[in-house]
$ cat my_file15.txt   # compact mmCIF, C-alpha atoms
# COMPACT_ATOMS: atom_id res chain seq x y z
CA MET A 110 23.82 -12.42 0.90
CA SER A 111 20.56 -12.67 -0.94
CA LYS A 112 17.55 -14.10 0.77
CA ARG A 113 15.92 -17.18 -0.77
CA VAL A 114 12.27 -17.95 -1.13
CA GLU A 115 10.53 -20.97 -2.54
CA LEU A 116 7.36 -20.37 -4.44
CA SER A 117 5.04 -23.02 -5.77
CA GLY A 118 1.70 -23.20 -7.52
CA TYR A 119 -0.59 -24.86 -10.02
CA ASN A 120 -1.54 -24.00 -13.56
CA LEU A 121 -4.64 -21.83 -13.34
CA ASN A 122 -6.86 -23.59 -15.88
CA ASN A 123 -6.12 -27.08 -14.59
CA CYS A 124 -6.71 -26.07 -11.00
CA CYS A 125 -10.02 -24.49 -11.84
CA ALA A 126 -11.06 -27.74 -13.46
CA LEU A 127 -9.91 -29.64 -10.40
CA SER A 128 -11.93 -27.44 -8.08
CA VAL A 129 -15.07 -28.24 -10.07
CA LYS A 130 -14.42 -31.95 -10.31
CA ARG A 131 -13.71 -32.41 -6.59
CA ASP A 132 -13.08 -36.16 -6.88
CA LEU A 133 -12.07 -37.85 -3.64
CA TYR A 134 -8.47 -38.90 -3.83
CA THR A 135 -5.49 -39.09 -1.52
CA LEU A 136 -2.16 -37.44 -2.27
CA ASN A 137 1.09 -38.11 -0.50
CA LEU A 138 4.02 -35.74 -0.74
CA LEU A 139 7.33 -35.83 1.10
CA CYS A 140 9.86 -33.23 0.18
CA VAL A 141 13.08 -31.83 1.50
CA ILE A 142 14.48 -28.48 0.51
CA VAL A 143 17.94 -27.55 1.64
CA SER A 144 19.41 -24.08 1.22
CA HIS A 145 23.05 -23.59 2.00
CA LYS A 146 25.31 -20.58 2.37
CA PHE A 147 29.05 -20.91 2.03
CA SER A 148 29.60 -17.34 0.85
CA LYS A 149 30.10 -14.37 3.17
CA GLU A 150 26.84 -12.98 4.49
CA VAL A 151 26.07 -9.30 4.27
CA LEU A 152 22.55 -9.19 5.66
CA GLY A 153 22.86 -12.32 7.78
CA GLY A 154 20.29 -15.07 8.02
CA ALA A 155 18.73 -17.17 5.30
CA LEU A 156 15.33 -17.62 3.82
CA THR A 157 13.60 -20.62 2.37
CA SER A 158 9.96 -19.81 2.02
CA ALA A 159 7.30 -20.88 -0.40
CA LEU A 160 4.43 -19.14 -2.05
CA ALA A 161 2.27 -20.41 -4.84
CA HIS A 162 2.06 -18.54 -8.09
CA TRP A 163 -0.67 -18.56 -10.68
CA PRO A 164 -1.14 -16.12 -13.55
CA ASN A 165 -3.98 -14.46 -11.63
CA ARG A 166 -3.57 -15.64 -8.07
CA PHE A 167 -1.27 -17.36 -5.62
CA GLU A 168 -1.78 -20.97 -4.64
CA SER A 169 0.36 -23.78 -3.31
CA PRO A 170 0.23 -27.51 -4.03
CA ALA A 171 0.42 -28.89 -0.54
CA ALA A 172 0.78 -32.63 -0.15
CA ASN A 173 -1.57 -35.20 1.26
CA LEU A 174 -0.65 -38.15 3.42
CA ASP A 175 -2.57 -40.43 5.68
CA LEU A 176 0.26 -41.59 7.85
CA PRO A 177 0.35 -40.50 11.48
CA LEU A 178 3.43 -38.43 10.66
CA GLN A 179 4.50 -38.02 7.06
CA PRO A 180 7.09 -35.23 6.82
CA ALA A 181 7.87 -32.91 3.96
CA PRO A 182 11.16 -31.23 4.90
CA TYR A 183 12.41 -27.94 3.50
CA THR A 184 16.05 -27.22 4.32
CA PRO A 185 18.15 -24.10 3.72
CA LEU A 186 21.85 -24.81 3.15
CA ASP A 187 24.78 -22.61 4.01
CA ASP A 188 25.42 -20.62 0.81
CA GLY A 189 21.90 -19.65 -0.27
CA ALA A 190 21.45 -22.53 -2.72
CA THR A 191 18.55 -24.97 -2.38
CA LEU A 192 18.27 -28.74 -2.68
CA ALA A 193 14.70 -30.05 -2.96
CA VAL A 194 13.73 -33.71 -2.58
CA ILE A 195 10.09 -34.78 -2.92
CA PHE A 196 8.50 -38.17 -2.31
CA CYS A 197 4.87 -38.14 -3.40
CA TRP A 198 2.09 -40.58 -4.23
CA VAL A 199 -1.58 -40.53 -5.18
CA LYS A 200 -3.75 -43.45 -4.16
CA ASP A 201 -5.62 -45.29 -6.92
CA ALA A 202 -4.10 -43.03 -9.59
CA GLN A 203 -4.49 -44.17 -13.19
CA GLN A 204 -1.11 -42.86 -14.31
CA ARG A 205 2.13 -41.79 -12.61
CA PRO A 206 0.89 -42.63 -9.07
CA HIS A 207 4.34 -42.10 -7.51
CA LEU A 208 6.86 -39.29 -7.74
CA VAL A 209 10.40 -38.68 -6.57
CA HIS A 210 11.65 -35.18 -7.36
CA VAL A 211 15.18 -33.88 -6.83
CA SER A 212 16.26 -30.38 -7.82
CA TYR A 213 19.14 -28.10 -6.97
CA THR A 214 19.05 -24.32 -7.33
CA PRO A 215 22.40 -22.50 -6.86
CA ALA A 216 22.59 -19.36 -4.78
CA ALA A 217 21.12 -16.24 -6.33
CA GLY A 218 23.65 -14.36 -8.41
CA SER A 219 26.03 -17.31 -8.83
CA THR A 220 27.01 -18.62 -12.27
CA PRO A 221 28.55 -21.96 -13.33
CA GLY A 222 31.77 -20.14 -14.24
CA ASP A 223 32.29 -18.94 -10.67
CA ASN A 224 33.63 -22.35 -9.64
CA SER A 225 34.49 -25.17 -12.06
CA ASP A 226 33.95 -27.73 -9.30
CA ALA A 227 30.50 -26.43 -8.34
CA VAL A 228 27.39 -28.48 -9.01
CA GLU A 229 25.22 -26.78 -11.61
CA GLY A 230 21.49 -26.37 -11.10
CA PHE A 231 19.33 -29.32 -12.14
CA LYS A 232 15.90 -30.93 -11.85
CA ARG A 233 15.16 -34.65 -11.97
CA GLU A 234 11.74 -36.31 -11.65
CA PHE A 235 11.10 -40.04 -11.46
CA PHE A 236 7.76 -41.86 -11.60
CA PRO A 237 8.22 -45.35 -10.10
CA GLY A 238 5.47 -47.84 -10.86
CA THR A 239 5.31 -49.17 -7.30
CA MET A 240 5.93 -48.05 -3.74
CA THR A 241 6.40 -49.84 -0.42
CA LEU A 242 5.45 -48.32 2.93
CA ASN A 243 6.74 -49.93 6.13
CA ILE A 244 5.26 -48.81 9.46
CA HIS A 245 7.44 -49.35 12.52
CA PRO A 246 6.46 -49.67 16.22
CA GLN A 247 5.14 -46.56 17.90
CA LEU A 248 7.59 -44.57 20.00
CA HIS A 249 7.07 -43.62 23.64
CA ASP A 250 6.03 -40.08 22.62
CA LYS A 251 3.36 -41.50 20.24
CA ARG A 252 5.31 -40.77 17.05
CA VAL A 253 5.14 -43.56 14.47
CA PRO A 254 8.38 -44.23 12.52
CA PHE A 255 8.05 -45.40 8.92
CA THR A 256 10.01 -46.05 5.75
CA VAL A 257 8.94 -45.20 2.20
CA ILE A 258 10.64 -47.22 -0.54
CA MET A 259 10.47 -46.13 -4.18
CA PRO A 260 12.02 -49.07 -6.12
CA ASP A 261 15.07 -48.25 -8.25
CA VAL A 262 15.01 -44.65 -7.00
CA GLY A 263 15.39 -44.32 -3.24
CA THR A 264 14.01 -44.37 0.28
CA MET A 265 12.85 -41.99 2.95
CA ARG A 266 12.91 -43.03 6.60
CA LEU A 267 11.48 -41.26 9.63
CA GLY A 268 13.08 -42.68 12.75
CA ALA A 269 13.21 -41.85 16.43
CA ASP A 270 16.10 -39.40 16.07
CA ALA A 271 16.37 -38.56 12.37
CA VAL A 272 14.71 -38.26 8.98
CA GLU A 273 16.86 -39.78 6.23
CA TYR A 274 16.78 -39.71 2.43
CA ARG A 275 18.75 -42.10 0.22
CA ILE A 276 18.42 -41.69 -3.55
CA SER A 277 20.55 -43.52 -6.12
CA CYS A 278 19.92 -43.21 -9.87
CA PRO A 279 23.19 -44.05 -11.67
CA SER A 280 21.61 -43.65 -15.11
CA SER A 281 20.88 -40.01 -14.24
CA GLY A 282 24.17 -39.46 -12.48
CA LEU A 283 22.29 -38.63 -9.28
CA GLU A 284 23.08 -39.62 -5.71
CA VAL A 285 21.56 -38.07 -2.57
CA ASP A 286 22.38 -38.91 1.04
CA LEU A 287 20.60 -36.54 3.41
CA ARG A 288 20.06 -36.75 7.17
CA LEU A 289 17.95 -34.41 9.34
CA THR A 290 18.51 -34.43 13.12
CA ASN A 291 17.97 -32.34 16.29
CA ARG A 292 14.31 -31.79 15.55
CA VAL A 293 12.64 -28.69 16.99
CA PRO A 294 8.90 -29.52 17.20
CA TRP A 295 6.14 -27.00 16.62
CA SER A 296 5.36 -27.14 20.34
CA SER A 297 7.82 -27.87 23.12
CA HIS A 298 4.96 -29.22 25.23
CA ASP A 299 3.58 -31.79 22.80
CA PRO A 300 5.73 -33.53 20.14
CA LEU A 301 2.66 -34.15 17.97
CA TYR A 302 1.10 -30.70 18.23
CA GLY A 303 1.04 -28.73 14.99
CA PRO A 304 -0.32 -25.59 13.35
CA MET A 305 -3.89 -26.92 13.16
CA GLY A 306 -4.22 -26.94 16.95
CA PHE A 307 -7.74 -27.80 18.06
CA ILE A 308 -8.85 -28.01 14.43
CA SER A 309 -6.97 -31.31 14.12
CA ARG A 310 -9.78 -32.90 16.14
CA ILE A 311 -12.00 -32.65 13.07
CA SER A 312 -9.30 -33.46 10.51
CA ALA A 313 -11.33 -36.37 9.12
CA LEU A 314 -13.97 -33.87 7.99
CA LEU A 315 -11.54 -31.57 6.19
CA PRO A 316 -10.44 -32.00 2.56
CA LEU A 317 -6.86 -31.07 3.36
CA ASN A 318 -4.79 -31.07 6.56
CA TRP A 319 -1.37 -29.68 7.43
CA HIS A 320 1.14 -30.63 10.11
CA VAL A 321 4.63 -29.25 10.75
CA TYR A 322 6.80 -32.01 12.18
CA SER A 323 9.80 -29.75 12.77
CA THR A 324 10.22 -25.99 12.57
CA ALA A 325 13.99 -26.52 12.38
CA SER A 326 16.29 -29.54 12.11
CA VAL A 327 20.00 -29.84 11.38
CA ALA A 328 20.62 -31.04 7.81
CA SER A 329 23.80 -32.81 6.73
CA GLY A 330 24.92 -35.09 3.93
CA THR A 331 26.07 -35.07 0.31
CA PHE A 332 24.63 -35.14 -3.18
CA SER A 333 26.18 -35.78 -6.58
CA HIS A 334 25.09 -34.83 -10.10
CA GLY A 335 26.90 -34.45 -13.39
CA GLY A 336 30.01 -36.07 -11.96
CA LYS A 337 30.35 -33.46 -9.22
CA THR A 338 29.68 -33.81 -5.48
CA ARG A 339 29.00 -31.29 -2.76
CA GLN A 340 28.46 -31.33 0.96
CA VAL A 341 25.10 -30.39 2.44
CA THR A 342 24.78 -28.43 5.67
CA GLY A 343 21.88 -26.28 6.79
CA ILE A 344 18.60 -26.08 8.68
CA ALA A 345 15.52 -28.08 7.67
CA HIS A 346 11.79 -27.55 7.96
CA VAL A 347 9.79 -30.81 8.01
CA GLU A 348 6.05 -31.04 7.37
CA LYS A 349 3.26 -33.18 5.98
CA ASN A 350 -0.19 -32.85 4.46
CA TRP A 351 -2.98 -35.38 4.18
CA GLY A 352 -6.57 -35.49 3.05
CA THR A 353 -8.70 -36.04 -0.02
CA SER A 354 -8.17 -33.03 -2.29
CA PHE A 355 -6.49 -29.70 -2.78
CA PRO A 356 -8.47 -26.50 -2.39
CA PRO A 357 -8.95 -24.45 -5.55
CA GLY A 358 -6.78 -21.64 -4.14
CA TRP A 359 -3.80 -22.13 -1.85
CA ILE A 360 -0.77 -20.33 -0.42
CA TRP A 361 2.13 -21.94 1.41
CA SER A 362 5.20 -20.21 2.81
CA GLN A 363 8.12 -21.26 4.98
CA SER A 364 11.20 -19.28 5.89
CA PHE A 365 14.19 -19.26 8.23
CA GLY A 366 16.10 -16.41 9.78
CA SER A 367 19.33 -18.43 9.77
CA THR A 368 20.74 -21.64 8.29
CA LYS A 369 22.96 -22.27 11.30
CA ASP A 370 20.92 -21.44 14.41
CA LEU A 371 18.00 -23.72 15.34
CA SER A 372 16.59 -21.02 17.63
CA ALA A 373 16.56 -18.30 14.97
CA LYS A 374 13.39 -16.86 13.44
CA SER A 375 11.11 -19.15 11.46
CA LEU A 376 7.79 -18.68 9.72
CA ALA A 377 5.36 -21.24 8.35
CA LEU A 378 1.93 -20.57 6.90
CA ALA A 379 -0.60 -22.30 4.71
CA GLY A 380 -4.11 -21.52 3.62
CA GLY A 381 -6.47 -20.45 0.90
CA GLU A 382 -9.95 -21.35 -0.25
CA ALA A 383 -11.05 -23.99 2.25
CA LEU A 384 -14.68 -24.00 1.09
CA PRO A 385 -16.63 -21.97 -1.47
CA TRP A 386 -16.53 -18.33 -0.31
CA VAL A 387 -14.39 -19.30 2.69
CA GLN A 388 -10.71 -18.41 3.04
CA ALA A 389 -8.78 -19.89 5.98
CA TYR A 390 -5.13 -19.81 7.04
CA LEU A 391 -2.80 -21.37 9.59
CA VAL A 392 0.25 -19.33 10.61
CA GLY A 393 3.13 -19.96 13.00
CA TYR A 394 5.94 -17.53 13.78
CA ARG A 395 8.88 -18.32 16.05
CA SER A 396 11.61 -15.96 17.27
CA SER A 397 13.59 -15.19 20.42
CA LYS A 398 10.78 -12.87 21.53
CA VAL A 399 7.56 -14.60 20.50
CA LYS A 400 6.13 -17.99 19.63
CA TRP A 401 2.78 -17.21 18.04
CA ASP A 402 0.15 -19.34 16.32
CA PHE A 403 -2.83 -18.02 14.38
CA GLN A 404 -5.80 -20.21 13.49
CA PRO A 405 -9.46 -19.86 12.51
CA PRO A 406 -11.76 -18.21 13.37
CA PHE A 407 -9.31 -15.28 13.50
CA THR A 408 -7.65 -16.32 10.23
CA MET A 409 -10.86 -16.70 8.24
CA ALA A 410 -12.68 -14.70 5.60
CA ILE A 411 -16.25 -15.44 4.56
CA GLY A 412 -16.81 -13.67 1.30
CA PRO A 413 -15.73 -10.04 1.83
CA LEU A 414 -16.07 -10.34 5.63
CA SER A 415 -12.69 -10.65 7.31
CA PRO A 416 -12.37 -8.53 10.47
CA PHE A 417 -9.11 -10.14 11.66
CA MET A 418 -7.29 -10.96 8.42
CA CYS A 419 -6.22 -9.15 5.26
CA ILE A 420 -4.46 -10.70 2.27
CA VAL A 421 -3.18 -8.98 -0.86
CA ARG A 422 -1.97 -11.08 -3.82
CA ASP A 423 -0.24 -9.67 -6.89
CA SER A 424 1.09 -12.49 -9.05
CA VAL A 425 2.24 -10.09 -11.77
CA SER A 426 4.65 -8.53 -9.28
CA GLY A 427 5.28 -11.77 -7.35
CA ILE A 428 3.96 -10.39 -4.07
CA VAL A 429 1.79 -11.73 -1.24
CA ASN A 430 1.08 -9.63 1.86
CA LEU A 431 -0.80 -11.27 4.71
CA THR A 432 -1.93 -9.67 7.98
CA VAL A 433 -3.48 -11.82 10.71
CA GLN A 434 -4.43 -10.84 14.23
CA THR A 435 -6.27 -11.70 17.40
CA MET A 436 -7.45 -9.21 20.00
CA ALA A 437 -3.93 -8.90 21.42
CA ARG A 438 -1.50 -10.02 18.68
CA LYS A 439 -0.91 -9.03 15.07
CA LEU A 440 1.48 -10.38 12.47
CA VAL A 441 2.24 -8.56 9.22
CA ILE A 442 3.93 -10.77 6.59
CA LYS A 443 5.31 -9.46 3.31
CA MET A 444 6.56 -12.04 0.79
CA SER A 445 8.00 -11.50 -2.67
CA ALA A 446 9.93 -13.30 -5.40
CA PRO A 447 10.67 -12.74 -9.10
CA CYS A 448 8.02 -14.33 -11.30
CA ASP A 449 10.63 -15.48 -13.81
CA SER A 450 12.33 -17.59 -11.14
CA PHE A 451 9.68 -20.33 -11.10
CA MET A 452 10.59 -23.94 -11.83
CA GLY A 453 8.04 -26.42 -13.18
CA PHE A 454 7.25 -29.38 -10.93
CA ALA A 455 5.04 -32.43 -11.39
CA ALA A 456 1.92 -32.00 -9.26
CA PRO A 457 -0.36 -34.64 -7.69
CA LEU A 458 -3.86 -34.63 -9.21
CA ALA A 459 -6.78 -37.03 -8.91
CA ASP A 460 -5.57 -39.27 -11.75
CA GLY A 461 -1.85 -39.04 -10.95
CA HIS A 462 1.09 -36.68 -11.25
CA GLN A 463 1.04 -34.20 -14.08
CA PRO A 464 4.46 -32.85 -15.10
CA MET A 465 4.99 -29.08 -15.27
CA PHE A 466 1.74 -28.41 -13.42
CA ALA A 467 3.14 -26.80 -10.28
CA PHE A 468 5.79 -24.08 -10.27
CA GLU A 469 8.31 -23.28 -7.58
CA SER A 470 11.05 -20.74 -7.06
CA PHE A 471 13.76 -20.48 -4.45
CA VAL A 472 14.62 -16.81 -4.77
CA GLY A 473 12.83 -14.19 -2.73
CA ARG A 474 12.36 -12.41 0.56
CA THR A 475 10.05 -12.46 3.56
CA LYS A 476 9.65 -9.63 6.06
CA VAL A 477 7.69 -9.95 9.30
CA GLU A 478 6.32 -7.40 11.77
CA ALA A 479 5.04 -8.53 15.19
CA TRP A 480 2.65 -6.22 17.07
CA GLU A 481 0.84 -6.61 20.37
CA ARG A 482 -1.46 -4.83 22.81
CA ARG A 483 -3.00 -5.73 26.15
CA TRP A 484 -6.57 -4.55 25.53
CA PRO A 485 -8.56 -4.31 22.28
CA TRP A 486 -9.02 -0.55 22.61
CA GLN A 487 -5.31 0.15 22.97
CA THR A 488 -2.92 1.17 20.19
CA TRP A 489 -0.79 -1.57 18.66
CA LYS A 490 2.85 -1.65 19.81
CA LEU A 491 5.59 -2.93 17.47
CA ILE A 492 7.75 -5.46 19.31
CA GLU A 493 9.74 -6.98 16.44
CA GLU A 494 10.37 -6.47 12.73
CA GLY A 495 12.83 -7.64 10.11
CA GLU A 496 13.57 -10.30 7.54
CA CYS A 497 12.88 -13.94 8.26
$ encode --input "my_file15.txt" --output "C-alpha cells"
Amino acid sequence: MSKRVELSGYNLNNCCALSVKRDLYTLNLLCVIVSHKFSKEVLGGALTSALAHWPNRFESPAANLDLPLQPAPYTPLDDGATLAVIFCWVKDAQQRPHLVHVSYTPAAGSTPGDNSDAVEGFKREFFPGTMTLNIHPQLHDKRVPFTVIMPDVGTMRLGADAVEYRISCPSSGLEVDLRLTNRVPWSSHDPLYGPMGFISRISALLPLNWHVYSTASVASGTFSHGGKTRQVTGIAHVEKNWGTSFPPGWIWSQSFGSTKDLSAKSLALAGGEALPWVQAYLVGYRSSKVKWDFQPPFTMAIGPLSPFMCIVRDSVSGIVNLTVQTMARKLVIKMSAPCDSFMGFAAPLADGHQPMFAFESFVGRTKVEAWERRWPWQTWKLIEEGEC
C-alpha cells in the first residue's frame, strides 16, 4: 500500500503580491478530504497529509472563518484514494466570493482500466453567487452548531454528533453524501481546545488562526460522478481557520497512521511567516505512546535565530523536514511528495477566489521520530519512529 499525502500551495508571484498588499479581508474555507483503502495493505496504515508547494518554497492556503467552530475535514478512505470537499467564502469579495470544490484522486498506482466500475479521478469547482449561514443554539459543551447553504450546489452542517455534507449538481453528474461521526477532539479535557493553546486568547490580534475540531472522525457515505457511484469509508480530520489574511509563506500538513483505527497515529501542523522575519508553527502529534503539542515560543524563528526549531524546504524535490523541540521533547517530521502530483485549486484572495492559484497533491509520505529526555543536559532518547 502506498502512503498518501496532500500538498497545497499558492502561486509564488501572486502570493508575493498578496503579502505586500496586506488588505484586511476574511476568508472562509470548509473542506473534507477522504482517503480510502480497499486494496490489500503491505505497509499498513494510511496517510493524508498536506504540504504547500511553491516553485521556490512551501506554503499552504489555510482557510479563514469567523464562526465559533468552522471545520475543514480531511478524510482518508480505505483504499488510498482521496475525496476532497471544500466550502469556502471571502467576505466582501468583488468576484467569486463563494467556492464549493469537490475532487477525487484514485489510489496511487491505480489506473481506470483496473476496474470498469471504478470512479475515475475528477475535479469540480463551483462559485455560487450567494451563501446562507444558519447558526443554531449552543450545545452544553459550548460548541455552536451551524449550517452552510450554497444555493444550487449543497450544504454543510455541523451538529451535536456529526458533520454532514450534501452536494447535488445534476448538470455535472455529481452527488456527494458524506457524514463524519465519533469525533476525537484535540484534547480529551476540553472539547474546544485546539493547537493554538494559550495563543488563542489573543486570536483577535492575529492575521490568521487555526483550530483542529477533530483529530479523527469516522467517515461514511457515497459519492457519484460520471454515472458511477462508490461507497466512502475512512477516517476524517476536521479543522478550521479564521482571520483577516494569509501569511506570505505557509506550510500545512495532516496525516493518519490508519484509516480504520481512531486511536492510531495522527499528525497535524501549520505555520510559516507569521510576521516579517518571524516564522511560527503549531504542531500536534498523537499516538499510543505520546500526545504532544508544540507551540511558540519553542516553535518560532526570528530571522536566523531558532534555537528550538529547524525547517528545511526543498520544493524541487518535494520535501519538507521540520524539527521542533522543548527542553524535554523533540519531534522530527519528514514529509515528501512528487512535485508532478499537484492539482490546481481555486484559492481565496482579498478580491475573491482565483482558479488554479493553489496546488494540492494527495500522494506522498510522512515519517515521524519522537524523542525525549528528563533534563536539558541529558542525551535524547528515541521513544517512537515510523510512518504516520
$ closest_residue --input "my_file15.txt" --among "A:Leu458, A:Phe236, A:His334, A:His346" --to "Asp201 in chain A" --atoms "all atoms listed in the file"
A:Leu458
$ atom_distance --input "my_file15.txt" --atom1 "CA of Val194 in chain A" --atom2 "CA of Ser277 in chain A"
12.5 Å
$ atom_distance --input "my_file15.txt" --atom1 "CA of Arg422 in chain A" --atom2 "CA of Gln404 in chain A"
19.9 Å
$ atom_distance --input "my_file15.txt" --atom1 "CA of Ala456 in chain A" --atom2 "CA of Met409 in chain A"
26.5 Å
$ closest_residue --input "my_file15.txt" --among "A:Gly495, A:Phe466, A:Gly189, A:Lys374" --to "Thr342 in chain A" --atoms "only C-alpha atoms"
A:Gly189
$ closest_residue --input "my_file15.txt" --among "A:Met240, A:Leu371, A:Gly393, A:Arg266" --to "Arg292 in chain A" --atoms "all atoms listed in the file"
A:Leu371
$ closest_residue --input "my_file15.txt" --among "A:Val321, A:Leu301, A:Val347, A:Val262" --to "Arg288 in chain A" --atoms "all atoms listed in the file"
A:Val347
$ closest_residue --input "my_file15.txt" --among "A:Asp250, A:Asp188, A:Glu496, A:Glu478" --to "Val399 in chain A" --atoms "all atoms listed in the file"
A:Glu478
$ residues_around --input "my_file15.txt" --residues "Gln487 in chain A" --least-positions-apart "6" --cutoff "12 Å" --atoms "all atoms listed in the file" --output "list in words"
Met436, Ala437, Arg438, Trp480 and Glu481 of chain A
$ write_last_selection --input "my_file15.txt" --atoms "C-alpha atoms" --output "mmCIF file, keeping the file's coordinate frame"
data_model
loop_
_atom_site.group_PDB
_atom_site.id
_atom_site.type_symbol
_atom_site.label_atom_id
_atom_site.label_comp_id
_atom_site.auth_asym_id
_atom_site.auth_seq_id
_atom_site.Cartn_x
_atom_site.Cartn_y
_atom_site.Cartn_z
ATOM 1 C CA MET A 436 -7.450 -9.210 20.000
ATOM 2 C CA ALA A 437 -3.930 -8.900 21.420
ATOM 3 C CA ARG A 438 -1.500 -10.020 18.680
ATOM 4 C CA TRP A 480 2.650 -6.220 17.070
ATOM 5 C CA GLU A 481 0.840 -6.610 20.370
#
$ closest_residue --input "my_file15.txt" --among "A:Gly473, A:Pro385, A:Pro405, A:Gly230" --to "Met305 in chain A" --atoms "all atoms listed in the file"
A:Pro405
$ closest_atom_pairs --input "my_file15.txt" --of "range 205-297 of chain A" --to "range 447-453 of chain A" --cutoff "10 Å" --atoms "all atoms listed in the file" --output "JSON lines"
{"residue": "A:Ser212", "atom": "CA", "partner": "A:Met452", "partner_atom": "CA", "distance": 9.5}
{"residue": "A:Thr214", "atom": "CA", "partner": "A:Met452", "partner_atom": "CA", "distance": 9.6}
{"residue": "A:Lys232", "atom": "CA", "partner": "A:Met452", "partner_atom": "CA", "distance": 8.8}
$ write_last_selection --input "my_file15.txt" --atoms "C-alpha atoms" --output "short mmCIF file (atom, residue, chain, number, x, y, z; two decimals), in the coordinates of the input"
data_model
loop_
_atom_site.label_atom_id
_atom_site.label_comp_id
_atom_site.auth_asym_id
_atom_site.auth_seq_id
_atom_site.Cartn_x
_atom_site.Cartn_y
_atom_site.Cartn_z
CA SER A 212 16.26 -30.38 -7.82
CA THR A 214 19.05 -24.32 -7.33
CA LYS A 232 15.90 -30.93 -11.85
#
$ residues_around --input "my_file15.txt" --residues "Phe231 in chain A" --least-positions-apart "2" --cutoff "10 Å" --atoms "all atoms listed in the file" --output "JSON, numbers by chain"
{"A": [192, 211, 212, 213, 214, 215, 228, 229, 233, 334, 335]}
$ residues_around --input "my_file15.txt" --residues "Cys278 in chain A" --least-positions-apart "6" --cutoff "9 Å" --atoms "all atoms listed in the file" --output "list in words"
Asp261, Val262, Gly263 and Glu284 of chain A
$ residues_around --input "my_file15.txt" --residues "Leu391 in chain A" --least-positions-apart "4" --cutoff "9 Å" --atoms "only C-alpha atoms" --output "ChimeraX atom specification"
/A:304-305,319,377-380,402-405,408
$ residues_around --input "my_file15.txt" --residues "Val285 in chain A" --least-positions-apart "3" --cutoff "7 Å" --atoms "only C-alpha atoms" --output "PyMOL selection string"
chain A and resi 275-277+331-333
